[in-house]
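Enquirer: The structure that follows is given in the form of structure tokens.
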Amino acid sequence: MAPIVPIVMPKWGLSMKEGQVVEVLVAEGDQLAVGDDLIEVDTDKISGIVEATAAGMLRRLVAEVGRTYPVKGLLGVVADESVGDDDIDAFVAGYAVPSAAEDEAEASAYHTIDVDGIMVRYGRLGGGERTVLLIHGYGGDLDNWLFTTTALAEGFDVVALDLPGHGQSAIFLPGETVADLARFVERFCEVLALGRVDVVGHSLGGAIAARLAIDHPDRVERLALIAPVGLGPEINTGYLDGFASARSRRDLKAVLAELYTDQTHVSREMVDQVLRYIRLDGVPQLLARLRAGITADDVQADQPVLDLDPAQVPLLVMWGSADRVVPAAHAAAAPAGAEVVVLEGGGHMVQIERPGQVNATLARHLRR
Amino acid sequence: MARTITMRQAINEALDQEMTRDPSVICMGEDIVGGAGSPGEDDAWGGVLGVTKGLYAKHGDRLLDTPLSESAYIGAAIGAATCGLRPVAELMFIDFMGVCFDQIYNQAAKFRYMFGGKAVTPVTIRAMVGAGLRAAAQHSQMLTPVFTHIPGLKVVCPSTPYDTKGLLIGSIRDDDPVIFCEHKAMYDMEGEVPETSYSIPLGEANVVREGGDCTIVAYGLMVHKATEAAETLASEGVECEVVDLRSLSPLDLDTVIESVEGTGHLVCVDEANPRCSIAADVSAQVAQHAFGSLRAPIAMVTAPHTPVPFAPGLEDAYIPDAARVAKAVRSTVATGA
């Protein structure tokens, strides 16, 4: 008998427990290809699309708009036409949501650690011989990797940190330049005894990752940089300043709109979460300091990515062509030997807008 | 790091952190220290519902137990504010505000205006509001409209522990007198609150639920009734947008109107008596400024125009509930479809 493949509620990030079906984009009987958009889902942190993971006919649509399903809850069934309806019914009736032991393990996926007196929150998921370190950008946090962590965790030991002064780490900057932050990330790796790691950096995190690879060649095995700072002079300083100075939800929403091509990502929950961060005492001042440290005369202060040698450290550079924060044109300056992938239409947060393509490209690069 | 605490703890933490950060912040009120130093259960009671418990041990004489004379200590707090301190006075029940009304509405509210901006009065007056605790007519009122009416006063009434901490810190840091209304039925409500200090600006409403069919405006405990109604209505195919005003003065009318422009329907929910209430005010302002967006008459769900009854059955019937909110929404949505 041909296989019956369930479509299930995905787990995005470390803390997702359930998701609400907002829209169903397919109908029973549709032929699906891997990567097809199937179902729009809302969570308390993010809105996203469930994509097809197997090709075949959508035999049964279980998901109902407006209903909430647990992670791994059944949303639909894909199977070949040769499979009988009885077998499909039996599969749906017999499907049980896996839970228990795994949930407990994931509940402890968030950790905090003291690095030179600075409390750092990080998440660790998955397992494998190789460790992948994820570094977010300016004003971001480890939730910028919601769609990335769980996908990479299937083959790697994934560690994502909140940079100091960001997310739920201490509101403190060990220094305001790319080099200062790279030095801190190196200390974080030392304290956690991570050994050699592959590093994925987004935006400012890309520049930090590049600096880390240059200053600590023993630490970094491979690099993947997504919409990185550090490859050209231009950067949207209006975004940097707007983010640091936004006081109201309305102001912030307009600023966050710059990050995405598809504005449905700028959800109420997402804006709320960022608003909660920038309202913490000390955060606006800290971001203004960081903004001053990473720029000089309103252009990028350092371009460490230009100094990388892909022959020594295999380098992947990924960009959304419609990036409005750091221009995708910088990809052309990537050092010879780097793999460059530009995703048509994607914005600055391309790992959230195009998770399927980004994760597949990352996995291919990291397994090379 | 954020963790789950009660609204009572959120208030306590806000006071603690502001007293630590700013030496000019002091607290005063009846029993807020509560016999510290005396034996047994009397020790450090921390106010009538234990909100300030533990603060005396940390901040000592910056917490003042006052005589049972609201007119005296509210006046003293206002005077101290004009002289450079940032007092937080706990007035126990907002129902008692009447005995010190001159100090509040004719003095504190007027100084900045009458002295041409040369005087500020950064006092925060915390008081319990609302019904539901079987405390009878003189301890259960929602008197928010009375204070909202007076220019020069700011009025805040939060609905979650997160908002409570941020708005209380925002109130303490504000240079104008703020009436900070705490719903007594919500002290044990839990929610996620960051340990770090943060302030939420006064005058910013919060859209707690998005929807395209009807706007429900509420504040305080009524936000939860509105959300409950919205959940019920969603299962009937009616999507409500719930706007939590958070601050009643200044009022974030922009957010309300923006929502009404999207939905065309408005239901105002208020635990106060209906005449000259927040619900009546919001209804009037939306009718004035966004009449063209309305597809049906505005509906109000409020307490009746009576004192709060003492009989439990009557008190429960007095407080607007989710069923009444849902009924009002169904009716307005049907009218203007």
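For the structure tokens, the naming scheme is as follows: chains receive sequential letters (A, B, ...) according to their order of presentation, residues are indexed from 1 within each chain, and ligands are indexed from 1 in presentation order.
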Excluding A:Asp218 and any residue of its chain fewer than 6 positions from it, enumerate the residues within 12 Å of it, using only C-alpha atoms, and give them as a VMD selection string.

Expert: chain A and resid 186 189 to 190 194 to 198 212 312 to 313

Enquirer: Using only N, CA, C and O atoms, please write the residues we just selected to a file, as a short mmCIF file (atom, residue, chain, number, x, y, z; two decimals), in the first residue's frame.

Expert:
```cif
data_model
loop_
_atom_site.label_atom_id
_atom_site.label_comp_id
_atom_site.auth_asym_id
_atom_site.auth_seq_id
_atom_site.Cartn_x
_atom_site.Cartn_y
_atom_site.Cartn_z
N GLU A 186 32.14 34.94 21.55
CA GLU A 186 33.23 33.99 21.77
C GLU A 186 33.27 33.56 23.24
O GLU A 186 33.41 32.37 23.54
N CYS A 189 30.53 31.14 23.89
CA CYS A 189 30.89 29.79 23.41
C CYS A 189 31.85 29.12 24.39
O CYS A 189 31.73 27.91 24.65
N GLU A 190 32.80 29.88 24.91
CA GLU A 190 33.77 29.31 25.87
C GLU A 190 33.07 28.82 27.12
O GLU A 190 33.28 27.70 27.58
N LEU A 194 31.30 25.08 23.79
CA LEU A 194 30.66 24.62 22.56
C LEU A 194 31.64 23.98 21.57
O LEU A 194 31.23 23.28 20.66
N GLY A 195 32.93 24.25 21.71
CA GLY A 195 33.87 23.71 20.73
C GLY A 195 33.72 24.40 19.38
O GLY A 195 33.29 25.55 19.30
N ARG A 196 34.03 23.67 18.30
CA ARG A 196 33.90 24.25 16.97
C ARG A 196 32.44 24.28 16.55
O ARG A 196 31.72 23.30 16.73
N VAL A 197 32.01 25.40 16.00
CA VAL A 197 30.60 25.54 15.65
C VAL A 197 30.44 26.06 14.23
O VAL A 197 31.33 26.69 13.66
N ASP A 198 29.27 25.76 13.66
CA ASP A 198 28.82 26.44 12.44
C ASP A 198 27.99 27.62 12.93
O ASP A 198 27.24 27.48 13.88
N LEU A 212 33.62 37.05 14.28
CA LEU A 212 33.98 35.91 15.13
C LEU A 212 34.88 34.94 14.36
O LEU A 212 35.89 34.45 14.87
N GLN A 312 38.79 28.97 3.34
CA GLN A 312 39.07 28.57 4.73
C GLN A 312 37.77 28.24 5.49
O GLN A 312 37.69 27.25 6.18
N VAL A 313 36.80 29.15 5.36
CA VAL A 313 35.52 28.97 6.04
C VAL A 313 34.42 29.00 4.98
O VAL A 313 34.11 30.05 4.44
#
```

Enquirer: Which chain A residues are at most 10 Å from chain B (counting only C-alpha atoms), as a CSV table (one decimal) with N, CA, C and O atoms, in the first residue's frame?

Expert:
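Below is the file iface12.csv, written as the result:
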```csv
chain,number,residue,atom,x,y,z
A,66,GLY,N,-10.4,28.8,12.2
A,66,GLY,CA,-10.9,29.3,13.5
A,66,GLY,C,-10.6,28.3,14.6
A,66,GLY,O,-10.5,28.7,15.8
A,67,ARG,N,-10.3,27.1,14.3
A,67,ARG,CA,-10.0,26.1,15.4
A,67,ARG,C,-8.6,26.1,15.7
A,67,ARG,O,-7.7,26.4,14.9
A,112,THR,N,19.5,30.0,31.0
A,112,THR,CA,20.2,31.2,31.2
A,112,THR,C,21.6,30.8,31.7
A,112,THR,O,21.8,29.8,32.4
A,119,MET,N,23.9,38.2,32.4
A,119,MET,CA,23.0,37.1,32.3
A,119,MET,C,22.5,36.9,30.8
A,119,MET,O,22.0,37.9,30.3
A,121,ARG,N,20.2,34.7,28.0
A,121,ARG,CA,19.3,33.6,27.8
A,121,ARG,C,19.6,33.0,26.5
A,121,ARG,O,20.0,33.6,25.5
A,167,GLY,N,16.3,40.7,23.8
A,167,GLY,CA,15.4,39.6,24.3
A,167,GLY,C,15.3,39.6,25.8
A,167,GLY,O,15.0,40.6,26.4
A,168,GLN,N,15.6,38.4,26.3
A,168,GLN,CA,15.5,38.3,27.8
A,168,GLN,C,16.8,38.1,28.4
A,168,GLN,O,16.9,37.7,29.6
A,169,SER,N,17.9,38.5,27.7
A,169,SER,CA,19.2,38.6,28.4
A,169,SER,C,19.2,40.0,29.1
A,169,SER,O,18.3,40.8,29.0
A,170,ALA,N,20.3,40.1,29.9
A,170,ALA,CA,20.4,41.4,30.7
A,170,ALA,C,20.4,42.6,29.8
A,170,ALA,O,21.0,42.6,28.8
A,171,ILE,N,19.8,43.7,30.3
A,171,ILE,CA,19.8,44.9,29.6
A,171,ILE,C,21.1,45.6,29.8
A,171,ILE,O,21.3,46.5,30.7
A,247,ARG,N,7.8,54.8,20.5
A,247,ARG,CA,7.2,54.8,21.8
A,247,ARG,C,5.8,54.2,21.8
A,247,ARG,O,5.3,53.7,22.8
A,248,SER,N,5.1,54.3,20.7
A,248,SER,CA,3.8,53.9,20.6
A,248,SER,C,3.7,52.7,19.7
A,248,SER,O,4.5,52.4,18.9
A,249,ARG,N,2.6,51.9,19.8
A,249,ARG,CA,2.4,50.8,19.0
A,249,ARG,C,2.3,51.2,17.5
A,249,ARG,O,2.8,50.5,16.6
A,250,ARG,N,1.7,52.4,17.3
A,250,ARG,CA,1.5,52.8,15.9
A,250,ARG,C,2.9,53.1,15.3
A,250,ARG,O,3.1,52.7,14.1
A,267,SER,N,2.0,41.1,12.8
A,267,SER,CA,0.8,40.8,13.5
A,267,SER,C,0.8,41.6,14.9
A,267,SER,O,1.8,42.1,15.3
A,268,ARG,N,-0.4,41.7,15.4
A,268,ARG,CA,-0.6,42.4,16.7
A,268,ARG,C,0.3,41.8,17.8
A,268,ARG,O,1.0,42.5,18.6
A,269,GLU,N,0.4,40.4,17.8
A,269,GLU,CA,1.2,39.7,18.8
A,269,GLU,C,2.7,40.1,18.6
A,269,GLU,O,3.4,40.3,19.6
A,272,ASP,N,3.3,43.7,19.7
A,272,ASP,CA,3.2,43.7,21.2
A,272,ASP,C,4.5,43.2,21.8
A,272,ASP,O,5.0,43.8,22.8
A,275,LEU,N,7.2,45.7,21.4
A,275,LEU,CA,6.9,46.9,22.2
A,275,LEU,C,7.2,46.6,23.7
A,275,LEU,O,7.8,47.5,24.4
A,276,ARG,N,7.0,45.4,24.2
A,276,ARG,CA,7.3,45.0,25.5
A,276,ARG,C,8.8,45.1,25.8
A,276,ARG,O,9.3,45.5,26.8
A,277,TYR,N,9.6,44.8,24.7
A,277,TYR,CA,11.0,44.8,24.9
A,277,TYR,C,11.5,46.3,24.9
A,277,TYR,O,12.2,46.7,25.8
A,278,ILE,N,11.0,47.1,23.9
A,278,ILE,CA,11.6,48.4,23.8
A,278,ILE,C,11.1,49.3,25.0
A,278,ILE,O,11.7,50.4,25.2
A,279,ARG,N,10.1,48.9,25.7
A,279,ARG,CA,9.6,49.7,26.9
A,279,ARG,C,10.4,49.4,28.1
A,279,ARG,O,10.2,50.1,29.2
A,280,LEU,N,11.2,48.4,28.1
A,280,LEU,CA,12.0,48.1,29.3
A,280,LEU,C,12.9,49.2,29.6
A,280,LEU,O,13.5,49.8,28.7
A,281,ASP,N,13.1,49.6,30.9
A,281,ASP,CA,14.0,50.7,31.3
A,281,ASP,C,15.4,50.4,30.7
A,281,ASP,O,15.9,49.3,30.8
A,282,GLY,N,15.9,51.4,30.0
A,282,GLY,CA,17.3,51.3,29.5
A,282,GLY,C,17.4,50.9,28.1
A,282,GLY,O,18.4,51.1,27.5
A,283,VAL,N,16.4,50.2,27.5
A,283,VAL,CA,16.5,49.6,26.2
A,283,VAL,C,16.7,50.7,25.1
A,283,VAL,O,17.5,50.6,24.3
```

Enquirer: Of the candidates B:Pro320, B:Pro297, B:Gly152, B:Gly130, which one gets nearest to B:Lys184 if we count only C-alpha atoms?

Expert: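 Closest residue, counting only C-alpha atoms: B:Gly130.
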
Enquirer: Based on DSSP run over this structure's backbone, return all residues of stretch 46-278 of chain B in alpha helix (DSSP H), as number ranges by chain.

Expert: B: 55-59, 70-82, 101, 111-114, 144-148, 161-173, 221-235, 253-263, 278

Enquirer: Write out as a ChimeraX atom specification which residues come within 12 Å of B:Ala303 when counting only C-alpha atoms, dropping same-chain ones fewer than 5 positions away.

Expert: /B:130-131,140-143,222,268-275,277-279,308-309,314-321,324-325

Enquirer: Print the selection's residues with C-alpha atoms to a file, as a short mmCIF file (atom, residue, chain, number, x, y, z; two decimals), in the first residue's frame.

Expert:
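Done, and the output landed in out.cif:
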```cif
data_model
loop_
_atom_site.label_atom_id
_atom_site.label_comp_id
_atom_site.auth_asym_id
_atom_site.auth_seq_id
_atom_site.Cartn_x
_atom_site.Cartn_y
_atom_site.Cartn_z
CA GLY B 130 -15.54 47.91 41.32
CA ALA B 131 -18.14 45.49 42.57
CA SER B 140 -18.09 48.83 45.43
CA GLN B 141 -18.47 51.74 43.05
CA MET B 142 -16.81 52.32 39.73
CA LEU B 143 -16.25 56.05 40.09
CA MET B 222 -14.93 44.60 31.71
CA CYS B 268 -19.21 50.36 24.85
CA VAL B 269 -18.94 48.34 28.06
CA ASP B 270 -18.59 50.07 31.43
CA GLU B 271 -19.02 48.82 34.98
CA ALA B 272 -19.92 52.40 36.02
CA ASN B 273 -23.46 53.72 36.17
CA PRO B 274 -24.63 54.71 32.71
CA ARG B 275 -25.22 58.48 33.04
CA SER B 277 -20.05 57.29 32.14
CA ILE B 278 -16.94 56.37 30.15
CA ALA B 279 -19.25 54.39 27.86
CA VAL B 308 -24.46 48.56 44.01
CA PRO B 309 -26.79 46.07 45.76
CA LEU B 314 -28.58 41.27 42.85
CA GLU B 315 -24.92 42.29 42.88
CA ASP B 316 -24.11 39.58 40.32
CA ALA B 317 -26.98 40.78 38.14
CA TYR B 318 -25.77 44.38 38.51
CA ILE B 319 -22.30 43.78 37.05
CA PRO B 320 -22.31 43.60 33.24
CA ASP B 321 -21.42 40.07 32.10
CA ARG B 324 -25.11 40.90 28.05
CA VAL B 325 -22.14 42.07 25.98
#
```

Enquirer: Pick out the closest residue to B:Thr335 from this set: B:Ala299, B:Ala10, B:Leu251, B:Val155. Count only C-alpha atoms.

Expert: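 Checking each of B:Ala299, B:Ala10, B:Leu251, B:Val155 against B:Thr335, counting only C-alpha atoms, the winner is B:Ala299.
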
Enquirer: Grab the atom CA of A:Pro164 to atom CA of A:Pro228 distance for me, in Å with one decimal place.

Expert: 18.9 Å

Enquirer: Name the residues of stretch 87-323 of chain A that come out as strand (DSSP E or B) in a backbone DSSP run; write them as a VMD selection string.

Expert: chain A and resid 110 to 115 118 to 126 131 to 135 157 to 161 197 to 202 220 to 226 280 295 to 296 299 to 300 315 to 320

Enquirer: Keeping N, CA and C atoms for every residue in the selection just given, could you write it to a file as a CSV table (one decimal), in the first residue's frame?

Expert:
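Dumped everything to selection-v9.csv:
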```csv
chain,number,residue,atom,x,y,z
A,110,TYR,N,14.9,26.4,27.1
A,110,TYR,CA,15.4,27.7,27.4
A,110,TYR,C,16.3,27.7,28.6
A,111,HIS,N,17.4,28.3,28.5
A,111,HIS,CA,18.4,28.3,29.6
A,111,HIS,C,18.9,29.7,29.9
A,112,THR,N,19.5,30.0,31.0
A,112,THR,CA,20.2,31.2,31.2
A,112,THR,C,21.6,30.8,31.7
A,113,ILE,N,22.5,31.7,31.4
A,113,ILE,CA,23.9,31.4,31.8
A,113,ILE,C,24.6,32.8,32.1
A,114,ASP,N,25.5,32.8,33.0
A,114,ASP,CA,26.2,34.0,33.4
A,114,ASP,C,27.5,34.0,32.6
A,115,VAL,N,27.6,35.0,31.7
A,115,VAL,CA,28.8,35.2,30.9
A,115,VAL,C,29.5,36.5,31.4
A,118,ILE,N,27.2,38.9,32.9
A,118,ILE,CA,26.0,39.3,32.1
A,118,ILE,C,25.1,38.1,32.0
A,119,MET,N,23.9,38.2,32.4
A,119,MET,CA,23.0,37.1,32.3
A,119,MET,C,22.5,36.9,30.8
A,120,VAL,N,22.7,35.8,30.3
A,120,VAL,CA,22.3,35.5,28.8
A,120,VAL,C,21.3,34.4,28.8
A,121,ARG,N,20.2,34.7,28.0
A,121,ARG,CA,19.3,33.6,27.8
A,121,ARG,C,19.6,33.0,26.5
A,122,TYR,N,19.5,31.6,26.4
A,122,TYR,CA,19.7,31.0,25.1
A,122,TYR,C,18.8,29.8,25.1
A,123,GLY,N,18.6,29.3,23.8
A,123,GLY,CA,17.8,28.1,23.7
A,123,GLY,C,18.6,27.0,23.0
A,124,ARG,N,18.4,25.8,23.4
A,124,ARG,CA,19.2,24.7,22.8
A,124,ARG,C,18.3,23.6,22.5
A,125,LEU,N,18.4,23.1,21.3
A,125,LEU,CA,17.4,22.1,20.8
A,125,LEU,C,18.1,21.1,19.9
A,126,GLY,N,17.5,19.9,19.8
A,126,GLY,CA,18.1,19.0,18.8
A,126,GLY,C,19.3,18.2,19.3
A,131,THR,N,27.4,21.5,16.2
A,131,THR,CA,26.7,22.5,16.8
A,131,THR,C,26.5,23.7,15.9
A,132,VAL,N,25.3,24.2,15.8
A,132,VAL,CA,25.0,25.4,15.0
A,132,VAL,C,24.6,26.5,15.9
A,133,LEU,N,25.3,27.6,15.8
A,133,LEU,CA,25.0,28.8,16.7
A,133,LEU,C,24.3,29.8,15.8
A,134,LEU,N,23.1,30.2,16.4
A,134,LEU,CA,22.3,31.2,15.6
A,134,LEU,C,22.4,32.6,16.3
A,135,ILE,N,22.8,33.6,15.6
A,135,ILE,CA,22.9,35.0,16.1
A,135,ILE,C,22.0,35.9,15.4
A,157,ASP,N,22.8,20.1,16.7
A,157,ASP,CA,22.7,20.6,18.1
A,157,ASP,C,22.6,22.1,17.9
A,158,VAL,N,21.4,22.7,18.0
A,158,VAL,CA,21.2,24.1,17.7
A,158,VAL,C,21.1,25.0,19.0
A,159,VAL,N,22.0,26.0,19.0
A,159,VAL,CA,22.0,26.9,20.1
A,159,VAL,C,21.7,28.3,19.5
A,160,ALA,N,20.7,29.0,20.1
A,160,ALA,CA,20.3,30.3,19.7
A,160,ALA,C,20.4,31.2,21.0
A,161,LEU,N,21.1,32.3,20.9
A,161,LEU,CA,21.2,33.2,22.1
A,161,LEU,C,20.5,34.5,21.9
A,197,VAL,N,32.0,25.4,16.0
A,197,VAL,CA,30.6,25.5,15.6
A,197,VAL,C,30.4,26.1,14.2
A,198,ASP,N,29.3,25.8,13.7
A,198,ASP,CA,28.8,26.4,12.4
A,198,ASP,C,28.0,27.6,12.9
A,199,VAL,N,28.2,28.8,12.3
A,199,VAL,CA,27.4,29.9,12.8
A,199,VAL,C,26.5,30.5,11.7
A,200,VAL,N,25.2,30.7,12.1
A,200,VAL,CA,24.3,31.3,11.2
A,200,VAL,C,24.0,32.7,11.8
A,201,GLY,N,24.2,33.8,11.0
A,201,GLY,CA,23.9,35.1,11.6
A,201,GLY,C,23.0,35.9,10.7
A,202,HIS,N,22.1,36.6,11.3
A,202,HIS,CA,21.1,37.4,10.5
A,202,HIS,C,21.4,38.9,10.8
A,220,VAL,N,35.1,28.7,14.4
A,220,VAL,CA,34.1,28.7,13.4
A,220,VAL,C,34.5,27.7,12.2
A,221,GLU,N,33.6,26.8,12.0
A,221,GLU,CA,33.7,25.8,10.9
A,221,GLU,C,33.2,26.3,9.6
A,222,ARG,N,31.9,26.7,9.6
A,222,ARG,CA,31.2,27.2,8.4
A,222,ARG,C,30.4,28.4,8.8
A,223,LEU,N,30.1,29.2,7.8
A,223,LEU,CA,29.3,30.4,8.1
A,223,LEU,C,28.1,30.5,7.1
A,224,ALA,N,27.0,30.9,7.6
A,224,ALA,CA,25.8,31.2,6.8
A,224,ALA,C,25.3,32.5,7.2
A,225,LEU,N,25.3,33.5,6.3
A,225,LEU,CA,24.9,34.8,6.7
A,225,LEU,C,23.6,35.2,5.9
A,226,ILE,N,22.6,35.6,6.7
A,226,ILE,CA,21.4,36.0,6.1
A,226,ILE,C,21.2,37.5,6.2
A,280,LEU,N,11.2,48.4,28.1
A,280,LEU,CA,12.0,48.1,29.3
A,280,LEU,C,12.9,49.2,29.6
A,295,THR,N,27.6,52.1,13.2
A,295,THR,CA,27.6,53.0,12.0
A,295,THR,C,28.6,54.1,12.2
A,296,ALA,N,29.0,54.7,11.1
A,296,ALA,CA,29.8,55.9,11.2
A,296,ALA,C,29.3,56.8,10.0
A,299,VAL,N,26.7,55.3,7.6
A,299,VAL,CA,26.9,54.1,6.9
A,299,VAL,C,27.5,53.1,7.8
A,300,GLN,N,27.6,51.8,7.3
A,300,GLN,CA,28.1,50.8,8.2
A,300,GLN,C,29.6,51.0,8.6
A,315,LEU,N,31.3,29.6,3.0
A,315,LEU,CA,30.4,30.7,3.3
A,315,LEU,C,29.2,30.7,2.4
A,316,LEU,N,28.0,30.8,3.0
A,316,LEU,CA,26.7,31.0,2.3
A,316,LEU,C,26.2,32.4,2.6
A,317,VAL,N,25.8,33.1,1.6
A,317,VAL,CA,25.1,34.4,1.8
A,317,VAL,C,23.7,34.3,1.2
A,318,MET,N,22.7,34.6,2.1
A,318,MET,CA,21.4,34.5,1.6
A,318,MET,C,20.7,35.9,1.8
A,319,TRP,N,19.8,36.3,0.9
A,319,TRP,CA,19.2,37.6,0.9
A,319,TRP,C,17.8,37.5,0.3
A,320,GLY,N,16.9,38.3,0.8
A,320,GLY,CA,15.6,38.6,0.1
A,320,GLY,C,15.8,39.7,-0.8
```

Enquirer: Quick one: of A:Thr68, A:Gln263, A:Ser245, A:Ser203, who's nearest to A:Gly137, counting only C-alpha atoms?

Expert: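 Closest to A:Gly137 of all the choices is A:Ser203.
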
Enquirer: Just want the 9 Å neighbourhood of stretch 88-99 of chain B, counted on only C-alpha atoms, with same-chain residues fewer than 4 positions away dropped. Output as a VMD selection string.

Expert: chain B and resid 15 25 to 30 32 47 to 49 69 to 71 73 to 74 77 104 123 to 130 137 to 144 172 181

Enquirer: Counting only C-alpha atoms, what is within 8 Å of stretch 72-76 of chain A, bar same-chain residues fewer than 4 positions away, as number ranges by chain?

Expert: A: 6-11, 58-63, 92, 95-98

Enquirer: Can you tell me which residues surround A:His136 at a distance of at most 6 Å, considering only C-alpha atoms, apart from same-chain residues fewer than 2 positions away, and format the answer as a PyMOL selection string?

Expert: chain A and resi 140-141+202+205

Enquirer: Between atom CA of A:Gly346 and atom CA of A:Asp323, what is the distance, to one decimal in Å?

Expert: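 Atom CA of A:Gly346 sits 6.6 Å away from atom CA of A:Asp323.
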
Enquirer: Which value, in Å to one decimal, gives the distance between atom CA of B:Ala322 and atom CA of B:Ser159?

Expert: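 Distance reported for this atom pair: 15.6 Å.
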
Enquirer: When you look at A:Ala151 with a cut-off of 9 Å (counting only C-alpha atoms), what residues show up, excluding the ones that are within fewer than 5 positions of it in the same chain? I need them as a VMD selection string.

Expert: chain A and resid 12 359 to 360 363
